[in-house]
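Heads up, coords.tsv below (TSV, C-alpha atoms):
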```tsv
chain	number	residue	atom	x	y	z
N	1	MET	CA	90.20	90.85	80.16
N	2	LYS	CA	90.96	88.82	83.27
N	3	PRO	CA	88.42	88.75	86.13
N	4	PHE	CA	90.93	90.21	88.59
N	5	GLU	CA	93.10	93.28	89.05
N	6	PRO	CA	96.69	92.80	90.25
N	7	ILE	CA	97.78	94.86	93.25
N	8	ILE	CA	101.45	95.68	93.01
N	9	PRO	CA	102.87	98.17	95.54
N	10	ALA	CA	105.95	99.93	94.13
N	11	ALA	CA	108.20	98.13	96.60
N	12	PHE	CA	107.03	94.79	95.10
N	13	ALA	CA	107.38	95.68	91.39
N	14	GLN	CA	110.67	93.80	91.01
N	15	VAL	CA	109.21	90.71	92.70
N	16	TYR	CA	106.22	90.86	90.34
N	17	GLU	CA	108.49	90.93	87.29
N	18	SER	CA	111.15	88.49	88.53
N	19	TYR	CA	108.87	85.80	89.92
N	20	GLN	CA	105.82	86.43	87.72
N	21	PHE	CA	103.19	86.72	90.46
N	22	ALA	CA	101.17	89.54	91.95
N	23	PRO	CA	101.55	90.27	95.66
N	24	ALA	CA	97.74	90.43	95.69
N	25	VAL	CA	94.77	90.49	93.35
N	26	ARG	CA	91.40	92.14	93.69
N	27	VAL	CA	88.45	89.97	92.67
N	28	GLY	CA	85.22	91.89	93.10
N	29	GLY	CA	85.21	93.08	96.71
N	30	ASP	CA	87.84	90.58	97.86
N	31	VAL	CA	91.60	90.96	97.98
N	32	HIS	CA	93.57	87.69	97.76
N	33	VAL	CA	97.08	88.21	99.10
N	34	SER	CA	99.77	85.81	97.87
N	35	GLY	CA	101.88	84.04	100.47
N	36	VAL	CA	103.90	86.63	102.38
N	37	VAL	CA	107.26	85.73	103.94
N	38	GLY	CA	108.82	87.67	106.80
N	39	PHE	CA	111.85	89.46	105.42
N	40	ASN	CA	113.34	92.56	106.99
N	41	GLU	CA	113.29	95.93	105.23
N	42	ASP	CA	116.82	95.25	103.93
N	43	GLY	CA	115.72	91.94	102.37
N	44	THR	CA	117.37	89.68	104.96
N	45	PHE	CA	115.48	87.23	107.16
N	46	PRO	CA	115.55	87.25	110.94
N	47	PRO	CA	116.26	83.76	112.33
N	48	ASP	CA	113.50	84.15	114.95
N	49	PHE	CA	109.99	82.86	114.21
N	50	ARG	CA	108.29	85.74	116.06
N	51	ASP	CA	110.25	88.36	114.11
N	52	GLN	CA	109.34	86.71	110.80
N	53	ALA	CA	105.66	86.67	111.86
N	54	ARG	CA	105.80	90.36	112.81
N	55	ASN	CA	107.39	91.20	109.46
N	56	ILE	CA	104.65	89.31	107.63
N	57	PHE	CA	101.93	91.40	109.24
N	58	ARG	CA	103.92	94.60	108.51
N	59	LEU	CA	104.19	93.62	104.84
N	60	LEU	CA	100.54	92.57	104.72
N	61	GLU	CA	99.52	95.97	106.03
N	62	HIS	CA	101.57	97.63	103.28
N	63	ILE	CA	100.02	95.45	100.54
N	64	LEU	CA	96.47	96.02	101.81
N	65	SER	CA	96.94	99.78	102.04
N	66	GLU	CA	97.66	99.83	98.30
N	67	CYS	CA	94.00	99.01	97.61
N	68	GLY	CA	92.37	100.82	100.52
N	69	ALA	CA	92.05	97.81	102.84
N	70	THR	CA	93.34	97.38	106.38
N	71	LEU	CA	94.19	94.51	108.71
N	72	ASP	CA	90.61	94.78	110.03
N	73	ASP	CA	89.38	93.60	106.63
N	74	VAL	CA	91.20	90.21	106.78
N	75	PHE	CA	88.74	87.33	107.13
N	76	SER	CA	90.84	84.31	106.15
N	77	MET	CA	94.46	83.19	106.41
N	78	THR	CA	96.49	80.10	105.63
N	79	SER	CA	99.88	79.71	107.28
N	80	TYR	CA	102.67	77.42	106.12
N	81	HIS	CA	105.21	76.45	108.77
N	82	VAL	CA	108.72	75.02	108.45
N	83	GLY	CA	109.80	73.46	111.72
N	84	ASP	CA	107.84	72.52	114.80
N	85	LEU	CA	104.28	73.69	114.07
N	86	PRO	CA	102.90	72.90	117.56
N	87	LYS	CA	105.65	75.03	119.16
N	88	GLN	CA	105.09	77.86	116.66
N	89	MET	CA	101.31	78.00	117.15
N	90	ARG	CA	101.28	79.95	120.44
N	91	THR	CA	103.60	82.61	119.03
N	92	LEU	CA	101.58	83.02	115.84
N	93	ILE	CA	98.31	83.14	117.79
N	94	GLU	CA	99.75	85.99	119.87
N	95	GLU	CA	101.01	87.93	116.85
N	96	LYS	CA	97.84	87.30	114.81
N	97	THR	CA	95.56	88.40	117.63
N	98	ALA	CA	97.66	91.51	118.35
N	99	ARG	CA	97.45	92.58	114.68
N	100	LEU	CA	94.07	91.25	113.50
N	101	GLY	CA	92.11	91.40	116.76
N	102	THR	CA	88.65	89.89	117.08
N	103	PRO	CA	86.54	88.46	115.71
N	104	HIS	CA	89.19	85.99	114.60
N	105	PRO	CA	89.52	85.18	110.90
N	106	ALA	CA	89.21	81.69	109.46
N	107	TRP	CA	92.64	80.04	109.68
N	108	THR	CA	94.33	76.93	108.38
N	109	ALA	CA	97.87	76.07	109.55
N	110	VAL	CA	99.96	73.60	107.55
N	111	SER	CA	103.36	72.07	108.29
N	112	VAL	CA	105.65	71.97	105.23
N	113	SER	CA	109.18	70.73	104.60
N	114	GLY	CA	110.30	73.96	102.94
N	115	LEU	CA	109.29	77.19	101.24
N	116	ALA	CA	110.37	78.84	97.97
N	117	VAL	CA	112.63	81.18	99.94
N	118	PRO	CA	114.96	78.93	101.96
N	119	GLU	CA	115.47	81.44	104.81
N	120	ALA	CA	111.72	81.70	105.41
N	121	ILE	CA	110.23	79.54	108.16
N	122	LEU	CA	106.72	80.98	107.85
N	123	GLU	CA	104.56	82.05	104.92
N	124	ILE	CA	100.99	83.30	105.20
N	125	ALA	CA	98.35	83.91	102.50
N	126	PHE	CA	95.37	86.13	103.32
N	127	ILE	CA	91.96	87.12	102.01
N	128	ALA	CA	90.40	90.46	102.89
N	129	ARG	CA	87.06	92.09	102.04
N	130	LEU	CA	87.08	95.72	101.01
N	131	GLN	CA	84.74	97.81	103.14
N	132	GLY	CA	81.39	98.49	101.52
N	133	GLN	CA	81.81	95.59	99.09
N	134	SER	CA	79.71	92.45	98.96
```

Translate the structure of the given file into C-alpha coordinates.
Amino acid sequence: MKPFEPIIPAAFAQVYESYQFAPAVRVGGDVHVSGVVGFNEDGTFPPDFRDQARNIFRLLEHILSECGATLDDVFSMTSYHVGDLPKQMRTLIEEKTARLGTPHPAWTAVSVSGLAVPEAILEIAFIARLQGQS
(Lines of atoms letter the chains of each structure in order from A and count residues from 1; the text may use other names and numbers.)
(Lines give C-alpha, C1' and ligand atoms only; values in the text may rest on other atoms or scores of the structure.)
Protein backbone atom coordinates (compact mmCIF):
# COMPACT_ATOMS: atom_id res chain seq x y z
CA MET A 1 0.00 0.00 0.00
CA LYS A 2 1.35 3.42 -0.94
CA PRO A 3 1.69 6.11 1.76
CA PHE A 4 -0.68 8.46 -0.07
CA GLU A 5 -4.23 8.58 -1.36
CA PRO A 6 -4.86 10.04 -4.83
CA ILE A 7 -7.50 12.76 -5.08
CA ILE A 8 -9.21 12.61 -8.45
CA PRO A 9 -12.28 14.82 -8.96
CA ALA A 10 -14.58 13.34 -11.62
CA ALA A 11 -13.76 16.17 -14.02
CA PHE A 12 -10.06 15.13 -13.85
CA ALA A 13 -10.52 11.36 -14.31
CA GLN A 14 -9.53 11.45 -17.99
CA VAL A 15 -6.41 13.50 -17.19
CA TYR A 16 -5.48 10.98 -14.49
CA GLU A 17 -5.73 8.09 -16.95
CA SER A 18 -4.24 9.83 -19.99
CA TYR A 19 -1.26 11.48 -18.33
CA GLN A 20 -0.79 9.03 -15.45
CA PHE A 21 -0.74 11.54 -12.58
CA ALA A 22 -3.12 12.47 -9.79
CA PRO A 23 -4.40 16.04 -9.63
CA ALA A 24 -3.57 15.83 -5.91
CA VAL A 25 -2.56 13.34 -3.25
CA ARG A 26 -3.31 13.24 0.44
CA VAL A 27 -0.34 12.38 2.65
CA GLY A 28 -1.40 12.32 6.28
CA GLY A 29 -3.01 15.71 6.92
CA ASP A 30 -1.44 17.38 3.88
CA VAL A 31 -2.79 17.66 0.35
CA HIS A 32 -0.14 18.04 -2.37
CA VAL A 33 -1.72 19.49 -5.51
CA SER A 34 0.04 18.79 -8.81
CA GLY A 35 0.85 21.74 -11.03
CA VAL A 36 -2.40 23.36 -12.16
CA VAL A 37 -2.61 25.22 -15.47
CA GLY A 38 -5.24 27.85 -16.24
CA PHE A 39 -7.55 26.40 -18.84
CA ASN A 40 -11.11 27.56 -19.37
CA GLU A 41 -14.09 25.32 -18.65
CA ASP A 42 -14.18 24.35 -22.34
CA GLY A 43 -10.52 23.23 -22.25
CA THR A 44 -9.13 26.23 -24.16
CA PHE A 45 -6.58 28.66 -22.73
CA PRO A 46 -7.11 32.39 -22.44
CA PRO A 47 -4.14 34.33 -23.85
CA ASP A 48 -4.14 36.69 -20.85
CA PHE A 49 -1.91 35.95 -17.85
CA ARG A 50 -4.46 37.25 -15.33
CA ASP A 51 -7.22 35.05 -16.75
CA GLN A 52 -4.98 31.98 -16.60
CA ALA A 53 -4.13 32.81 -12.96
CA ARG A 54 -7.82 33.20 -12.09
CA ASN A 55 -8.60 29.86 -13.73
CA ILE A 56 -5.84 28.18 -11.73
CA PHE A 57 -7.35 29.30 -8.44
CA ARG A 58 -10.83 28.21 -9.63
CA LEU A 59 -9.48 24.76 -10.49
CA LEU A 60 -7.52 24.58 -7.23
CA GLU A 61 -10.68 25.30 -5.28
CA HIS A 62 -12.44 22.46 -7.11
CA ILE A 63 -9.60 19.99 -6.41
CA LEU A 64 -9.39 20.96 -2.73
CA SER A 65 -13.15 20.65 -2.23
CA GLU A 66 -12.89 16.98 -3.27
CA CYS A 67 -11.07 16.21 0.00
CA GLY A 68 -12.77 18.72 2.29
CA ALA A 69 -10.10 21.45 2.07
CA THR A 70 -10.48 25.08 1.05
CA LEU A 71 -8.26 27.86 -0.25
CA ASP A 72 -7.77 28.92 3.39
CA ASP A 73 -5.87 25.66 3.96
CA VAL A 74 -3.12 26.42 1.39
CA PHE A 75 0.22 27.06 3.08
CA SER A 76 2.70 26.67 0.21
CA MET A 77 2.81 27.31 -3.53
CA THR A 78 5.35 27.12 -6.32
CA SER A 79 4.63 29.00 -9.53
CA TYR A 80 6.25 28.36 -12.90
CA HIS A 81 6.18 31.27 -15.34
CA VAL A 82 6.68 31.37 -19.11
CA GLY A 83 7.47 34.90 -20.22
CA ASP A 84 8.47 37.97 -18.28
CA LEU A 85 8.37 36.86 -14.63
CA PRO A 86 9.02 40.35 -13.16
CA LYS A 87 6.06 41.76 -15.14
CA GLN A 88 3.83 38.83 -14.13
CA MET A 89 4.60 39.08 -10.40
CA ARG A 90 2.32 42.03 -9.59
CA THR A 91 -0.64 40.38 -11.30
CA LEU A 92 -0.09 37.05 -9.55
CA ILE A 93 0.37 38.76 -6.18
CA GLU A 94 -3.00 40.48 -6.67
CA GLU A 95 -4.79 37.28 -7.69
CA LYS A 96 -3.10 35.18 -4.99
CA THR A 97 -3.93 37.66 -2.25
CA ALA A 98 -7.54 38.02 -3.43
CA ARG A 99 -8.04 34.23 -3.31
CA LEU A 100 -5.74 33.07 -0.49
CA GLY A 101 -5.80 36.15 1.74
CA THR A 102 -3.51 36.50 4.73
CA PRO A 103 -1.41 35.23 6.28
CA HIS A 104 0.42 34.67 3.02
CA PRO A 105 1.59 31.15 2.15
CA ALA A 106 5.20 30.23 1.45
CA TRP A 107 5.86 30.91 -2.24
CA THR A 108 8.58 30.19 -4.77
CA ALA A 109 8.33 31.68 -8.28
CA VAL A 110 10.42 30.19 -11.09
CA SER A 111 10.91 31.34 -14.68
CA VAL A 112 10.82 28.47 -17.20
CA SER A 113 11.17 28.25 -20.98
CA GLY A 114 8.01 26.19 -21.41
CA LEU A 115 5.40 23.96 -19.80
CA ALA A 116 3.97 20.55 -20.74
CA VAL A 117 0.88 22.27 -22.16
CA PRO A 118 2.18 24.74 -24.77
CA GLU A 119 -0.73 27.21 -24.37
CA ALA A 120 -0.09 27.54 -20.64
CA ILE A 121 2.00 30.49 -19.48
CA LEU A 122 1.57 29.77 -15.77
CA GLU A 123 1.49 26.59 -13.69
CA ILE A 124 1.17 26.47 -9.91
CA ALA A 125 1.63 23.57 -7.47
CA PHE A 126 0.16 23.87 -3.97
CA ILE A 127 0.27 22.23 -0.56
CA ALA A 128 -2.65 22.50 1.86
CA ARG A 129 -3.23 21.23 5.39
CA LEU A 130 -6.57 19.67 6.18
CA GLN A 131 -8.25 21.32 9.15
CA GLY A 132 -7.83 19.42 12.39
CA GLN A 133 -4.84 17.49 11.04
CA SER A 134 -1.28 17.71 12.28

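Closest to N:Val110 among N:Asp72, N:Asp84, N:Glu5, N:Glu95 is N:Asp84, based on all atoms listed in the file.
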
Applying 12 Å and only C-alpha atoms, which residues near N:Phe45 remain after dropping the ones on its own chain fewer than 2 positions away? List them as number ranges by chain. N: 37-43, 47-56, 117-122

Determine, counting all atoms listed in the file, which protein, DNA and RNA residues have an atom within 12 Å of an atom of stretch 23-33 of chain N; residues of the same chain fewer than 2 positions away are not included. Present the result as a PyMOL selection string. chain N and resi 2-17+19-21+35-37+56-57+59-71+73-78+123-134

When you count all atoms listed in the file, which of these residues is closest to N:Ser79: N:Thr97, N:Trp107, N:Thr102, N:Pro46? N:Trp107

What is the atom CA of N:Thr108 to atom CA of N:Ser18 distance in Å? 28.5 Å

Just to confirm, what's the straight-line distance from atom CA of N:Ala116 to atom CA of N:Ala98 in Å (one decimal)?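 Going from atom CA of N:Ala116 over to atom CA of N:Ala98 covers 27.2 Å.
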
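Nearest-residue note for N:Ala109: choosing from N:Tyr80, N:Ser34, N:Lys87, N:Met1, the minimum distance belongs to N:Tyr80, counting all atoms listed in the file.
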
Axis-aligned box for stretch 27-44 of chain N, 3 Å per side, centre and edges in Å as AutoDock Vina command-line options:
```
--center_x 101.3 --center_y 90.0 --center_z 99.8 --size_x 38.2 --size_y 17.9 --size_z 20.3
```

One-decimal distance in Å that lies between atom CA of N:Leu92 and atom CA of N:Ser113: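 Taking atom CA of N:Ser113 and atom CA of N:Leu92, their separation equals 18.3 Å.
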
Using all atoms listed in the file: which of N:Ala22, N:Ile93, N:Arg58, N:Gly83 has the shortest distance to N:Pro105: N:Ile93
